[in-house]
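Novice: Take a look at this one; I'll ask things after.
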Amino acid sequence: MSYKTWLSAAVLGGALVAGAQGAALAQTKWDLPGAYPAGNFHTKNMVQFAEDVKKMSGGKLEITVHPGASLFKAPEIKRAVQTGQVQIGEVLMVNIENEIPVFGADGVPFLATSIEAAEKLWKAQKPVIDKKLADQGMTALYSVPWPPQGIYSKKDINTVQDLKGVKWRAYSPATARIAELVQAQPVTIQVAELAQALATGVVDTMMTSGATGRDSKVWESLTHYYDTQAWLPKNLVFVNNDAFKKLDAATQKAVLDAAAAAEKRGWQVSKEEAESAKADLAKNGMKVLPPSPALKEGLEKVGATMIEEWVKKTGADGKTIVDNYKKM
């Protein structure tokens, strides 16, 4: 091979390698673990978010959503993002209340009991959440509430005394505390194990949304749903700051714009889900009922106790959130 031929081949080979490296650098891939089934509206919203990011970034960033706790279990996701095992994740905020108490504001019973109230609470809560996440190297992208929480059971629940001794599903510090206050037996069950826990009788009563009830086909095990609208817990999608900073400015903007769209879309879908889920429960044979005046009164007393406890536990941060929320 002549020197000239060798040089041409070397230049061509170098160009191919550089091109391949450029292509590799041009596209970044992220994994987004979630805890809920592929058919759940939160997961569908995340998939749309990922599609929007890919489109808005011109294909520079591709996010793969991993639903149903298939990549990390629900309690592991926040830590996975914080340590950089994944770049982005979704959590139910109340699940990490033990670590960061202010994350539990939207899980305090009867503090915010409508979608409009939940929006106000998020506005009051977000500045404090942003600071807590920043201290751990993360940033909140968007939040979406679950439909209001109601009580599922296999018997009539007319007063809080009827909850004494039931096997109560606990998935957060707040739901465990409710069990204590109504003298139920708390059993920690995350959503991925819920259907099996119901089928085997590990739990027979719980407080969760209509959407979770539908996802888990609760009518196969339970018979009653009381629409107490106790609170609207939120899922939060958040990102590792180091991973985010590695993106170019245009791609960062694509992520933020897609997140803003996902939040707006998600809140609207949550409103629609609240009604459609209750309709599906009824269609599948469940008794969908309002709480009796006695049950509502008893639960409001539980809520008052828990609001007081929560503010005491969270100190100045919690007081700031509640005070600002009540001013809105």
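Lettering and numbering for the structure tokens are positional, with chains as A, B, ... in the shown order, residues counted from 1 in each chain, and ligands counted from 1 in the shown order.
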Among region 59-173 of chain A, which residues does DSSP mark as strand (DSSP E) when it is run on the backbone? Keep the chain and numbering as in the structure and answer as a PDB file with N, CA, C and O atoms, in the first residue's frame.
Specialist:
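Output saved as states38.pdb:
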ATOM      1  N   LEU A  61     -32.096  13.372  23.408  1.00  0.00           N
ATOM      2  CA  LEU A  61     -32.305  12.688  24.684  1.00  0.00           C
ATOM      3  C   LEU A  61     -33.453  11.698  24.540  1.00  0.00           C
ATOM      4  O   LEU A  61     -34.564  12.070  24.153  1.00  0.00           O
ATOM      5  N   GLU A  62     -33.160  10.454  24.860  1.00  0.00           N
ATOM      6  CA  GLU A  62     -34.176   9.402  24.823  1.00  0.00           C
ATOM      7  C   GLU A  62     -34.361   8.845  26.230  1.00  0.00           C
ATOM      8  O   GLU A  62     -33.399   8.389  26.853  1.00  0.00           O
ATOM      9  N   ILE A  63     -35.590   8.896  26.732  1.00  0.00           N
ATOM     10  CA  ILE A  63     -35.904   8.420  28.080  1.00  0.00           C
ATOM     11  C   ILE A  63     -36.740   7.157  27.971  1.00  0.00           C
ATOM     12  O   ILE A  63     -37.779   7.144  27.309  1.00  0.00           O
ATOM     13  N   THR A  64     -36.281   6.096  28.622  1.00  0.00           N
ATOM     14  CA  THR A  64     -37.025   4.839  28.654  1.00  0.00           C
ATOM     15  C   THR A  64     -37.729   4.715  29.992  1.00  0.00           C
ATOM     16  O   THR A  64     -37.094   4.735  31.051  1.00  0.00           O
ATOM     17  N   VAL A  65     -39.057   4.607  29.949  1.00  0.00           N
ATOM     18  CA  VAL A  65     -39.860   4.455  31.164  1.00  0.00           C
ATOM     19  C   VAL A  65     -39.947   2.981  31.535  1.00  0.00           C
ATOM     20  O   VAL A  65     -40.233   2.131  30.689  1.00  0.00           O
ATOM     21  N   HIS A  66     -39.678   2.674  32.808  1.00  0.00           N
ATOM     22  CA  HIS A  66     -39.739   1.297  33.325  1.00  0.00           C
ATOM     23  C   HIS A  66     -40.871   1.233  34.355  1.00  0.00           C
ATOM     24  O   HIS A  66     -40.679   1.578  35.521  1.00  0.00           O
ATOM     25  N   ILE A  88     -33.258   9.840  36.335  1.00  0.00           N
ATOM     26  CA  ILE A  88     -34.563  10.451  36.559  1.00  0.00           C
ATOM     27  C   ILE A  88     -35.491   9.393  37.149  1.00  0.00           C
ATOM     28  O   ILE A  88     -35.286   8.193  36.905  1.00  0.00           O
ATOM     29  N   GLY A  89     -36.453   9.800  37.944  1.00  0.00           N
ATOM     30  CA  GLY A  89     -37.339   8.813  38.555  1.00  0.00           C
ATOM     31  C   GLY A  89     -38.666   9.421  38.982  1.00  0.00           C
ATOM     32  O   GLY A  89     -38.844  10.646  38.950  1.00  0.00           O
ATOM     33  N   GLU A  90     -39.569   8.553  39.384  1.00  0.00           N
ATOM     34  CA  GLU A  90     -40.889   8.958  39.861  1.00  0.00           C
ATOM     35  C   GLU A  90     -41.131   8.333  41.231  1.00  0.00           C
ATOM     36  O   GLU A  90     -40.876   7.143  41.419  1.00  0.00           O
ATOM     37  N   VAL A  91     -41.615   9.137  42.170  1.00  0.00           N
ATOM     38  CA  VAL A  91     -41.962   8.614  43.488  1.00  0.00           C
ATOM     39  C   VAL A  91     -43.312   9.160  43.928  1.00  0.00           C
ATOM     40  O   VAL A  91     -43.729  10.243  43.504  1.00  0.00           O
ATOM     41  N   LEU A  92     -43.986   8.408  44.757  1.00  0.00           N
ATOM     42  CA  LEU A  92     -45.123   8.920  45.510  1.00  0.00           C
ATOM     43  C   LEU A  92     -44.521   9.701  46.671  1.00  0.00           C
ATOM     44  O   LEU A  92     -43.794   9.143  47.504  1.00  0.00           O
ATOM     45  N   MET A 138     -30.709  17.089  43.490  1.00  0.00           N
ATOM     46  CA  MET A 138     -31.808  16.738  42.588  1.00  0.00           C
ATOM     47  C   MET A 138     -32.726  17.933  42.370  1.00  0.00           C
ATOM     48  O   MET A 138     -32.683  18.906  43.117  1.00  0.00           O
ATOM     49  N   THR A 139     -33.554  17.837  41.336  1.00  0.00           N
ATOM     50  CA  THR A 139     -34.493  18.906  40.997  1.00  0.00           C
ATOM     51  C   THR A 139     -35.847  18.298  40.644  1.00  0.00           C
ATOM     52  O   THR A 139     -35.909  17.319  39.889  1.00  0.00           O
ATOM     53  N   ALA A 140     -36.921  18.888  41.175  1.00  0.00           N
ATOM     54  CA  ALA A 140     -38.275  18.466  40.825  1.00  0.00           C
ATOM     55  C   ALA A 140     -38.594  18.935  39.410  1.00  0.00           C
ATOM     56  O   ALA A 140     -38.313  20.083  39.051  1.00  0.00           O
ATOM     57  N   LEU A 141     -39.176  18.045  38.603  1.00  0.00           N
ATOM     58  CA  LEU A 141     -39.587  18.405  37.254  1.00  0.00           C
ATOM     59  C   LEU A 141     -41.086  18.667  37.183  1.00  0.00           C
ATOM     60  O   LEU A 141     -41.522  19.678  36.665  1.00  0.00           O
ATOM     61  N   TYR A 142     -41.891  17.736  37.678  1.00  0.00           N
ATOM     62  CA  TYR A 142     -43.332  17.960  37.698  1.00  0.00           C
ATOM     63  C   TYR A 142     -44.005  17.032  38.683  1.00  0.00           C
ATOM     64  O   TYR A 142     -43.461  15.988  39.043  1.00  0.00           O
ATOM     65  N   SER A 143     -45.206  17.431  39.117  1.00  0.00           N
ATOM     66  CA  SER A 143     -45.992  16.589  40.020  1.00  0.00           C
ATOM     67  C   SER A 143     -47.395  16.428  39.459  1.00  0.00           C
ATOM     68  O   SER A 143     -47.893  17.300  38.745  1.00  0.00           O
ATOM     69  N   VAL A 144     -48.010  15.300  39.790  1.00  0.00           N
ATOM     70  CA  VAL A 144     -49.393  15.019  39.380  1.00  0.00           C
ATOM     71  C   VAL A 144     -50.088  14.329  40.552  1.00  0.00           C
ATOM     72  O   VAL A 144     -49.555  13.368  41.112  1.00  0.00           O
ATOM     73  N   PRO A 145     -51.283  14.791  40.927  1.00  0.00           N
ATOM     74  CA  PRO A 145     -51.978  14.171  42.053  1.00  0.00           C
ATOM     75  C   PRO A 145     -52.732  12.914  41.653  1.00  0.00           C
ATOM     76  O   PRO A 145     -53.130  12.739  40.495  1.00  0.00           O
ATOM     77  N   GLN A 149     -58.613  10.220  47.944  1.00  0.00           N
ATOM     78  CA  GLN A 149     -58.524   8.924  48.601  1.00  0.00           C
ATOM     79  C   GLN A 149     -59.826   8.537  49.308  1.00  0.00           C
ATOM     80  O   GLN A 149     -60.436   9.353  49.993  1.00  0.00           O
ATOM     81  N   GLY A 150     -60.231   7.299  49.127  1.00  0.00           N
ATOM     82  CA  GLY A 150     -61.417   6.786  49.800  1.00  0.00           C
ATOM     83  C   GLY A 150     -61.096   5.488  50.521  1.00  0.00           C
ATOM     84  O   GLY A 150     -59.985   4.950  50.413  1.00  0.00           O
ATOM     85  N   ILE A 151     -62.065   4.969  51.253  1.00  0.00           N
ATOM     86  CA  ILE A 151     -61.877   3.744  52.039  1.00  0.00           C
ATOM     87  C   ILE A 151     -62.503   2.557  51.309  1.00  0.00           C
ATOM     88  O   ILE A 151     -63.675   2.597  50.921  1.00  0.00           O
ATOM     89  N   TYR A 152     -61.704   1.522  51.119  1.00  0.00           N
ATOM     90  CA  TYR A 152     -62.181   0.256  50.557  1.00  0.00           C
ATOM     91  C   TYR A 152     -62.315  -0.755  51.691  1.00  0.00           C
ATOM     92  O   TYR A 152     -61.448  -0.838  52.567  1.00  0.00           O
ATOM     93  N   SER A 153     -63.382  -1.559  51.636  1.00  0.00           N
ATOM     94  CA  SER A 153     -63.564  -2.574  52.674  1.00  0.00           C
ATOM     95  C   SER A 153     -64.431  -3.711  52.135  1.00  0.00           C
ATOM     96  O   SER A 153     -64.967  -3.628  51.024  1.00  0.00           O
ATOM     97  N   LYS A 167     -57.557  -5.371  58.971  1.00  0.00           N
ATOM     98  CA  LYS A 167     -56.190  -5.461  58.432  1.00  0.00           C
ATOM     99  C   LYS A 167     -56.032  -4.369  57.374  1.00  0.00           C
ATOM    100  O   LYS A 167     -56.461  -4.507  56.249  1.00  0.00           O
ATOM    101  N   TRP A 168     -55.413  -3.303  57.790  1.00  0.00           N
ATOM    102  CA  TRP A 168     -55.389  -2.032  57.047  1.00  0.00           C
ATOM    103  C   TRP A 168     -54.098  -1.908  56.248  1.00  0.00           C
ATOM    104  O   TRP A 168     -53.000  -1.982  56.801  1.00  0.00           O
ATOM    105  N   ARG A 169     -54.225  -1.692  54.952  1.00  0.00           N
ATOM    106  CA  ARG A 169     -53.033  -1.504  54.129  1.00  0.00           C
ATOM    107  C   ARG A 169     -52.374  -0.153  54.419  1.00  0.00           C
ATOM    108  O   ARG A 169     -53.003   0.899  54.337  1.00  0.00           O
ATOM    109  N   ALA A 170     -51.098  -0.183  54.776  1.00  0.00           N
ATOM    110  CA  ALA A 170     -50.326   1.038  54.993  1.00  0.00           C
ATOM    111  C   ALA A 170     -49.258   1.128  53.904  1.00  0.00           C
ATOM    112  O   ALA A 170     -48.538   0.169  53.663  1.00  0.00           O
TER     113      ALA A 170
END
Novice: If you run DSSP over the backbone, which residues in region 72-279 of chain A end up helix (DSSP H, G or I)? Put them as an MDAnalysis selection string.
Specialist: chainID A and resid 74:82 93:96 101:107 115:135 160:163 173:181 191:199 210:215 218:220 241:245 249:279
Novice: Have a look at A:Ala316, A:Met306, A:Met207, A:Val237 and name the one nearest to Thr175 (chain A); count only C-alpha atoms.
Specialist: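 Closest residue, counting only C-alpha atoms: A:Met207.
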Novice: What lies within 9 Å of region 40-54 of chain A using only C-alpha atoms, ignoring chain neighbours under 6 positions off, as a PyMOL selection string?
Specialist: chain A and resi 32+34+60-68+90+144-146+211-212+215+235+237+251+254-259+261-263+265-266+269-270+273
Novice: Quick one: distance from CA of Lys132 (chain A) to CA of Lys313 (chain A) in Å, one decimal?
Specialist: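 CA of Lys132 (chain A) sits 15.8 Å away from CA of Lys313 (chain A).
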Novice: List the spatial neighbours of region 128-130 of chain A as a PyMOL selection string - criterion: any atom at most 12 Å away, only C-alpha atoms, same-chain residues fewer than 3 positions off excluded.
Specialist: chain A and resi 93+96-97+100-106+121-125+133-143+236+238-239+314+316-322+324
Novice: Can you tell me which residues surround region 182-186 of chain A at a distance of at most 10 Å, considering only C-alpha atoms, apart from same-chain residues fewer than 3 positions away, and format the answer as a PyMOL selection string?
Specialist: chain A and resi 159-171+175-179+189+203+205-206+298-299+302
Novice: What would the file look like if the residues just selected were written as a PDB file, in the first residue's frame with C-alpha atoms?
Specialist:
ATOM      1  CA  THR A 159     -68.175   5.049  61.989  1.00  0.00           C
ATOM      2  CA  VAL A 160     -64.436   5.005  62.697  1.00  0.00           C
ATOM      3  CA  GLN A 161     -65.180   2.396  65.385  1.00  0.00           C
ATOM      4  CA  ASP A 162     -66.022  -0.017  62.543  1.00  0.00           C
ATOM      5  CA  LEU A 163     -62.358   0.151  61.490  1.00  0.00           C
ATOM      6  CA  LYS A 164     -61.097  -1.249  64.787  1.00  0.00           C
ATOM      7  CA  GLY A 165     -59.119  -4.438  64.234  1.00  0.00           C
ATOM      8  CA  VAL A 166     -59.321  -4.507  60.412  1.00  0.00           C
ATOM      9  CA  LYS A 167     -56.190  -5.461  58.432  1.00  0.00           C
ATOM     10  CA  TRP A 168     -55.389  -2.032  57.047  1.00  0.00           C
ATOM     11  CA  ARG A 169     -53.033  -1.504  54.129  1.00  0.00           C
ATOM     12  CA  ALA A 170     -50.326   1.038  54.993  1.00  0.00           C
ATOM     13  CA  TYR A 171     -48.145   2.453  52.201  1.00  0.00           C
ATOM     14  CA  THR A 175     -51.646   5.726  56.319  1.00  0.00           C
ATOM     15  CA  ALA A 176     -49.877   3.817  59.077  1.00  0.00           C
ATOM     16  CA  ARG A 177     -50.716   6.578  61.558  1.00  0.00           C
ATOM     17  CA  ILE A 178     -54.385   6.532  60.523  1.00  0.00           C
ATOM     18  CA  ALA A 179     -54.416   2.821  61.321  1.00  0.00           C
ATOM     19  CA  ILE A 189     -48.037  -3.190  51.202  1.00  0.00           C
ATOM     20  CA  VAL A 203     -55.212  -6.857  53.998  1.00  0.00           C
ATOM     21  CA  THR A 205     -59.338  -2.607  54.244  1.00  0.00           C
ATOM     22  CA  MET A 206     -57.420   0.329  52.846  1.00  0.00           C
ATOM     23  CA  GLY A 298     -64.668  10.736  63.057  1.00  0.00           C
ATOM     24  CA  LEU A 299     -62.224  10.968  60.161  1.00  0.00           C
ATOM     25  CA  VAL A 302     -58.284  11.962  62.947  1.00  0.00           C
TER      26      VAL A 302
END
